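Okay, upload-v3.cif now, which holds mmCIF, C-alpha atoms:
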```cif
data_work
#
loop_
_atom_site.label_atom_id
_atom_site.label_comp_id
_atom_site.auth_asym_id
_atom_site.auth_seq_id
_atom_site.Cartn_x
_atom_site.Cartn_y
_atom_site.Cartn_z
CA MET A 1 0.00 0.00 0.00
CA ALA A 2 2.82 2.40 0.87
CA ILE A 3 4.51 1.72 -2.47
CA ARG A 4 1.26 2.35 -4.35
CA LEU A 5 0.75 5.64 -2.55
CA LEU A 6 4.32 6.65 -3.31
CA VAL A 7 3.92 5.81 -6.99
CA ALA A 8 0.61 7.69 -7.14
CA ALA A 9 2.17 10.71 -5.47
CA LEU A 10 5.10 10.62 -7.90
CA ILE A 11 2.77 10.40 -10.89
CA GLY A 12 0.75 13.31 -9.53
CA LEU A 13 3.90 15.36 -9.01
CA LEU A 14 5.17 14.67 -12.52
CA GLY A 15 1.74 15.47 -13.94
CA GLY A 16 1.66 18.74 -12.05
CA LEU A 17 5.11 19.69 -13.29
CA TRP A 18 4.18 18.80 -16.87
CA THR A 19 1.03 20.94 -16.84
CA ALA A 20 2.50 23.87 -14.91
CA THR A 21 2.33 27.20 -16.70
CA TRP A 22 3.98 30.57 -16.31
CA ALA A 23 0.94 32.81 -15.87
CA GLY A 24 0.34 35.66 -18.26
CA ASP A 25 -0.17 39.30 -17.35
CA PRO A 26 -3.22 40.98 -18.93
CA ALA A 27 -1.76 44.35 -17.98
CA LEU A 28 1.11 43.72 -20.41
CA PHE A 29 -0.41 41.59 -23.19
CA PRO A 30 -2.05 42.11 -25.51
CA ALA A 31 -1.72 45.77 -26.34
CA ALA A 32 -5.05 47.53 -26.10
CA PRO A 33 -6.77 48.38 -29.39
CA GLY A 34 -5.53 51.72 -30.63
CA ASP A 35 -2.40 51.65 -28.49
CA ASP A 36 0.99 52.24 -30.05
CA ALA A 37 2.01 48.58 -29.96
CA VAL A 38 5.39 47.02 -30.73
CA VAL A 39 5.00 44.11 -33.15
CA VAL A 40 7.29 41.15 -32.50
CA HIS A 41 7.35 37.95 -34.54
CA LEU A 42 7.99 34.44 -33.26
CA LEU A 43 9.51 32.11 -35.87
CA ASP A 44 9.79 28.34 -35.59
CA ASN A 45 11.94 26.30 -37.98
CA GLY A 46 10.54 23.03 -36.67
CA TYR A 47 12.72 22.57 -33.60
CA HIS A 48 14.20 25.96 -32.74
CA THR A 49 12.46 29.28 -32.05
CA GLU A 50 13.72 32.82 -32.47
CA LEU A 51 12.17 36.23 -31.95
CA VAL A 52 12.27 38.84 -34.71
CA VAL A 53 12.20 42.30 -33.21
CA PRO A 54 12.28 45.83 -34.69
CA ARG A 55 15.91 46.90 -34.64
CA ALA A 56 15.12 50.45 -33.58
CA ALA A 57 13.26 49.23 -30.50
CA LEU A 58 16.17 47.01 -29.42
CA ALA A 59 18.79 49.70 -30.08
CA ARG A 60 16.99 52.33 -28.02
CA GLY A 61 18.78 53.06 -24.76
CA ALA A 62 22.28 53.06 -23.34
CA ASP A 63 22.60 49.52 -21.98
CA ALA A 64 24.73 46.63 -23.23
CA LEU A 65 21.98 45.26 -25.46
CA ALA A 66 21.51 48.58 -27.23
CA GLY A 67 25.26 48.87 -27.79
CA ALA A 68 25.45 45.34 -29.20
CA VAL A 69 22.56 45.98 -31.59
CA ARG A 70 24.00 49.28 -32.81
CA GLY A 71 27.21 47.46 -33.71
CA LEU A 72 25.45 45.02 -36.06
CA PRO A 73 25.42 45.31 -39.86
CA PRO A 74 22.34 46.96 -41.45
CA GLY A 75 18.89 45.41 -41.17
CA ASP A 76 15.53 46.77 -40.05
CA TRP A 77 14.80 43.64 -38.01
CA VAL A 78 16.93 41.60 -35.64
CA ALA A 79 16.47 37.89 -35.01
CA VAL A 80 17.12 37.13 -31.35
CA GLY A 81 17.97 33.62 -30.25
CA TRP A 82 19.74 31.82 -27.45
CA GLY A 83 21.49 28.48 -27.21
CA ASP A 84 24.45 26.33 -26.27
CA ALA A 85 27.73 28.17 -26.88
CA VAL A 86 29.09 25.42 -29.13
CA PHE A 87 26.13 23.67 -30.71
CA TYR A 88 24.28 26.89 -31.59
CA VAL A 89 27.16 28.24 -33.64
CA ALA A 90 28.39 25.01 -35.24
CA GLU A 91 27.42 24.30 -38.83
CA GLY A 92 26.47 21.03 -40.46
CA PRO A 93 23.51 18.64 -40.38
CA VAL A 94 22.09 17.92 -36.94
CA ARG A 95 22.41 14.19 -37.58
CA ASP A 96 26.19 14.63 -37.77
CA ARG A 97 26.30 16.45 -34.43
CA LEU A 98 24.21 14.20 -32.22
CA GLY A 99 27.11 13.56 -29.85
CA ASP A 100 27.61 17.26 -29.27
CA GLY A 101 23.86 17.69 -28.91
CA ALA A 102 23.79 15.05 -26.19
CA ARG A 103 26.61 16.87 -24.41
CA ALA A 104 24.66 20.13 -24.61
CA LEU A 105 21.56 18.54 -23.11
CA PHE A 106 22.92 16.20 -20.48
CA ARG A 107 26.34 17.43 -19.34
CA PRO A 108 26.33 17.56 -15.51
CA GLY A 109 26.21 21.17 -14.38
CA GLY A 110 25.06 22.46 -17.74
CA ASN A 111 26.93 24.38 -20.42
CA PRO A 112 27.95 27.94 -21.28
CA SER A 113 25.50 29.70 -23.58
CA ILE A 114 25.34 32.55 -26.07
CA LEU A 115 22.85 35.14 -27.28
CA MET A 116 22.52 35.65 -31.03
CA LEU A 117 21.56 39.01 -32.55
CA ALA A 118 21.18 38.67 -36.32
CA PRO A 119 20.09 41.51 -38.64
CA ILE A 120 17.75 40.28 -41.36
CA ASP A 121 16.77 41.66 -44.74
CA PHE A 122 13.28 40.25 -45.30
CA ASP A 123 9.80 41.05 -44.09
CA PRO A 124 9.01 38.56 -41.28
CA THR A 125 5.32 38.56 -42.23
CA ALA A 126 6.27 36.83 -45.49
CA THR A 127 7.13 33.76 -43.44
CA PRO A 128 4.25 31.25 -43.66
CA SER A 129 1.85 31.50 -40.74
CA ALA A 130 2.41 27.81 -39.97
CA ARG A 131 5.89 28.81 -38.78
CA ARG A 132 5.14 32.32 -37.48
CA VAL A 133 3.07 34.15 -34.90
CA SER A 134 2.95 37.95 -34.94
CA LEU A 135 2.36 39.54 -31.54
CA ARG A 136 1.22 43.06 -30.64
CA LEU A 137 3.04 43.86 -27.42
CA SER A 138 2.21 46.83 -25.28
CA LYS A 139 5.05 49.27 -24.68
CA ALA A 140 5.39 47.95 -21.14
CA GLY A 141 5.25 44.37 -22.39
CA PHE A 142 7.98 44.98 -24.93
CA ALA A 143 10.09 46.75 -22.33
CA ALA A 144 9.80 43.67 -20.12
CA LEU A 145 10.72 41.35 -23.00
CA ARG A 146 13.67 43.53 -23.89
CA ALA A 147 14.81 43.53 -20.26
CA ARG A 148 14.67 39.72 -20.24
CA VAL A 149 16.83 39.57 -23.36
CA ALA A 150 19.29 42.09 -21.92
CA ALA A 151 19.51 40.10 -18.69
CA SER A 152 20.81 37.12 -20.66
CA LEU A 153 24.00 38.95 -21.60
CA ALA A 154 27.22 38.44 -19.68
CA LEU A 155 28.96 41.81 -19.26
CA ASP A 156 32.59 42.84 -19.07
CA ALA A 157 34.03 45.17 -16.44
CA ALA A 158 32.83 48.18 -18.42
CA GLY A 159 29.26 46.87 -18.61
CA ARG A 160 29.44 45.91 -22.28
CA ALA A 161 28.30 42.73 -24.01
CA VAL A 162 31.12 40.23 -24.51
CA PRO A 163 31.48 38.94 -28.09
CA ALA A 164 31.68 35.18 -28.52
CA ALA A 165 33.00 33.10 -31.38
CA GLY A 166 30.65 33.12 -34.36
CA ARG A 167 30.54 31.75 -37.87
CA PRO A 168 33.15 32.98 -40.36
CA GLY A 169 31.66 35.62 -42.63
CA ALA A 170 28.33 35.76 -40.79
CA ALA A 171 26.64 39.08 -40.08
CA ALA A 172 25.09 37.69 -36.90
CA GLY A 173 26.58 38.79 -33.62
CA PHE A 174 27.09 36.15 -30.92
CA PHE A 175 27.55 37.28 -27.33
CA ARG A 176 28.30 35.43 -24.13
CA SER A 177 25.33 34.74 -21.89
CA GLY A 178 25.34 34.31 -18.15
CA GLU A 179 22.71 31.55 -18.32
CA THR A 180 23.30 27.81 -18.36
CA PHE A 181 22.13 25.52 -21.14
CA TRP A 182 20.86 22.03 -20.29
CA ILE A 183 17.82 19.82 -20.88
CA GLY A 184 15.84 21.80 -18.31
CA HIS A 185 16.64 25.14 -19.97
CA VAL A 186 16.99 24.90 -23.73
CA CYS A 187 16.54 27.47 -26.49
CA ASN A 188 12.77 27.13 -26.57
CA HIS A 189 12.48 27.49 -22.80
CA TRP A 190 14.42 30.73 -23.13
CA THR A 191 12.08 32.01 -25.85
CA ALA A 192 9.05 31.06 -23.74
CA GLN A 193 10.48 32.95 -20.77
CA ALA A 194 11.05 36.06 -22.89
CA LEU A 195 7.47 35.92 -24.14
CA ASN A 196 6.19 35.31 -20.63
CA ALA A 197 8.05 38.41 -19.47
CA ALA A 198 6.02 40.30 -22.10
CA GLY A 199 2.81 39.05 -20.50
CA LEU A 200 2.01 35.87 -22.47
CA PRO A 201 1.10 32.69 -20.57
CA MET A 202 3.58 29.93 -21.38
CA PRO A 203 3.86 26.22 -20.52
CA ILE A 204 6.98 25.38 -18.54
CA ALA A 205 8.26 21.84 -19.11
CA PRO A 206 6.62 21.25 -22.54
CA SER A 207 8.39 24.34 -23.92
CA VAL A 208 11.32 22.08 -24.68
CA TRP A 209 9.56 21.74 -28.07
CA SER A 210 9.43 24.68 -30.44
CA GLY A 211 5.94 23.81 -31.64
CA VAL A 212 4.56 24.08 -28.12
CA VAL A 213 5.96 27.60 -27.76
CA LEU A 214 4.55 28.58 -31.15
CA GLU A 215 1.12 27.16 -30.31
CA ALA A 216 1.05 28.84 -26.90
CA ALA A 217 1.90 32.18 -28.49
CA ARG A 218 -0.74 31.66 -31.15
CA ARG A 219 -3.40 30.90 -28.55
CA ALA A 220 -2.40 33.95 -26.55
CA ALA A 221 -2.58 36.12 -29.68
CA GLU A 222 -6.05 34.76 -30.38
CA GLY A 223 -7.21 35.37 -26.82
CA GLY A 224 -6.56 31.88 -25.43
CA VAL A 225 -4.78 30.88 -22.27
CA GLY A 226 -1.68 29.22 -23.75
CA ALA A 227 -0.81 25.58 -24.26
CA GLY A 228 -0.35 23.26 -21.32
CA ALA A 229 0.23 19.54 -21.50
CA ALA A 230 -3.40 19.02 -22.47
CA GLY A 231 -2.93 21.32 -25.46
CA LEU A 232 0.24 19.89 -26.91
CA GLY A 233 -1.47 18.07 -29.76
CA ARG A 234 0.60 18.10 -32.91
CA ALA A 235 2.70 20.97 -31.63
CA GLY A 236 4.26 18.87 -28.92
CA ARG A 237 5.27 15.82 -30.86
CA LEU A 238 8.86 14.85 -31.48
CA ASP A 239 8.44 14.53 -35.22
CA PRO A 240 7.08 17.86 -36.51
CA ALA A 241 5.33 17.95 -39.83
CA PRO A 242 7.78 18.88 -42.57
CA SER A 243 7.52 22.20 -44.36
CA ARG A 244 9.11 22.22 -47.80
CA SER A 245 10.79 25.22 -49.36
CA ARG A 246 8.99 26.20 -52.52
CA ALA A 247 12.09 27.83 -53.94
CA GLY A 248 14.57 25.29 -52.67
CA VAL A 249 16.32 27.78 -50.38
CA ARG A 250 17.55 26.06 -47.26
CA SER A 251 16.84 27.43 -43.83
CA PRO A 252 19.20 27.73 -40.88
CA ALA A 253 19.70 24.27 -39.41
CA ALA A 254 19.26 23.70 -35.68
CA ARG A 255 22.16 25.47 -34.06
CA ASP A 256 21.43 25.02 -30.38
CA GLY A 257 21.21 21.85 -28.36
CA GLY A 258 17.51 22.26 -27.75
CA ALA A 259 16.35 19.42 -29.93
CA PRO A 260 19.11 17.34 -31.51
CA TRP A 261 16.73 14.64 -32.70
CA PRO A 262 17.92 11.90 -35.03
CA ALA A 263 17.92 12.65 -38.72
CA SER A 264 14.62 10.82 -39.20
CA ASN A 265 12.97 13.31 -36.86
CA THR A 266 14.65 16.39 -38.29
CA PRO A 267 12.09 18.57 -40.07
CA ALA A 268 12.58 19.50 -43.68
CA THR A 269 13.46 23.02 -44.71
CA PRO A 270 10.85 25.62 -43.76
CA ALA A 271 9.44 27.72 -46.55
CA VAL A 272 11.05 30.85 -47.91
CA PRO A 273 11.86 33.44 -46.62
CA TRP A 274 12.72 31.91 -43.22
CA GLY A 275 15.69 30.48 -45.07
CA ARG A 276 16.71 33.77 -46.69
CA ARG A 277 18.44 35.29 -43.70
CA SER A 278 21.47 37.35 -44.62
CA ALA A 279 22.65 37.51 -41.04
CA SER A 280 24.28 34.12 -40.91
CA SER A 281 25.53 31.49 -43.26
CA ALA A 282 22.94 28.76 -43.01
CA PRO A 283 24.34 25.34 -42.20
CA ALA A 284 23.50 22.58 -44.61
CA SER A 285 20.61 20.45 -43.45
#
```
If you convert what's in this file into structure tokens, what do you get?
Amino acid sequence: MAIRLLVAALIGLLGGLWTATWAGDPALFPAAPGDDAVVVHLLDNGYHTELVVPRAALARGADALAGAVRGLPPGDWVAVGWGDAVFYVAEGPVRDRLGDGARALFRPGGNPSILMLAPIDFDPTATPSARRVSLRLSKAGFAALRARVAASLALDAAGRAVPAAGRPGAAAGFFRSGETFWIGHVCNHWTAQALNAAGLPMPIAPSVWSGVVLEAARRAAEGGVGAGAAGLGRAGRLDPAPSRSRAGVRSPAARDGGAPWPASNTPATPAVPWGRRSASSAPAS
């Protein structure tokens, strides 16, 4: 009887953890009709999420984030992502980097991480809606999101962002982060936390999957309450539906250790223009 009670309690605990959600804040999101909102886009390439933010809004101010953004090459928008300091930057098919992906996820004590700031030269709204959610953030909500991004940066003695090794010839800037990457805090968790700071409700544990974050953001944008374990559906599966590129342009491959699934589970190239980023040289996938 004691063993059964223990097992039941453990199952209940795990179920509670799986369905736990970071609560949203209606005072921050969504922006009220008629308000001067800041539009931010969430992009999902099938296993990794990034935020696309107006460059001018990120560069406003005198903090380390503003300085880092002002130092980037031209581009009206900036893709913001976070990941393992090695896996995120490395190029090549995910299937060839499974060992490094396992290290990123399961190394005891976690791993150093980096923040990516990549100027882009395309209109984010041209990205198919299946891989994008556009969000109208209030000014206060965007300020909170921006503060969460800025808090990810590791700073030098002068309070500036610290550049990290990037890809040769890439326009993207990579900067050291003070956060730790591991299975309990992967790239998609980080994106979910940034969106939650802006007022969106976000699932906690299930945010390991990019599709869950995308679906939660979509529900919030449509007036829902976000996606918990009961709302994973197709978004939470390990084998996302492929999205083919109509023009044959390849998208950035998974660069962080958030979801180094075997090649059979790796999604096909998302549609153009998610693959037409000038900010970084896209790894082959």
Q | Residue neighbourhood segment 206-215 of chain A, 6 Å, only C-alpha atoms, exclusion window fewer than 2 positions, as number ranges by chain | A | A: 47-49, 188-189, 203-204, 217-218, 235-236
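Atom to atom, atom CA of Thr191 of chain A and atom CA of Glu50 of chain A stand 6.9 Å apart.
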Q.
I need the residue nearest Ala37 of chain A from this list: A:Leu145, A:Ile114, A:Leu137, A:Ala79. Use all atoms listed in the file for the distance.
A.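 For Ala37 of chain A, the nearest of the candidates is A:Leu137.
Atom CA of Arg136 of chain A to atom CA of Asp35 of chain A spans 9.6 Å [interatomic distance, one decimal].
Applied to the shown file, the PyMOL selection byres ((chain A and resi 117) around 8) selects the residues Val69, Leu72, Val78, Ala79, Val80, Gly81, Leu115, Met116, Ala118, Pro119, Ala172, Gly173 and Phe174 of chain A.
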Q. Between atom CA of Phe87 of chain A and atom CA of Leu43 of chain A, what is the distance, to one decimal in Å?
A.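 For atom CA of Phe87 of chain A relative to atom CA of Leu43 of chain A, the distance reads 19.3 Å.
The shortest atom-to-atom distance to Gly83 of chain A, with all atoms listed in the file taken into account, belongs to A:Ala104 out of A:Ala104, A:Ala147, A:Leu155, A:Ala59.
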Q. Which residues fall under the PyMOL selection byres ((chain A and resi 186) around 9) in this file, as a ChimeraX atom specification?
A. /A:82-84,105,180-185,187-191,207-208,256-259
Q. Which is closest to Ala66 of chain A among A:Gly178, A:Gly223, A:Pro30, A:Gly159, if we use all atoms listed in the file?
A.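 Ranked by minimum distance to Ala66 of chain A, first place goes to A:Gly159.
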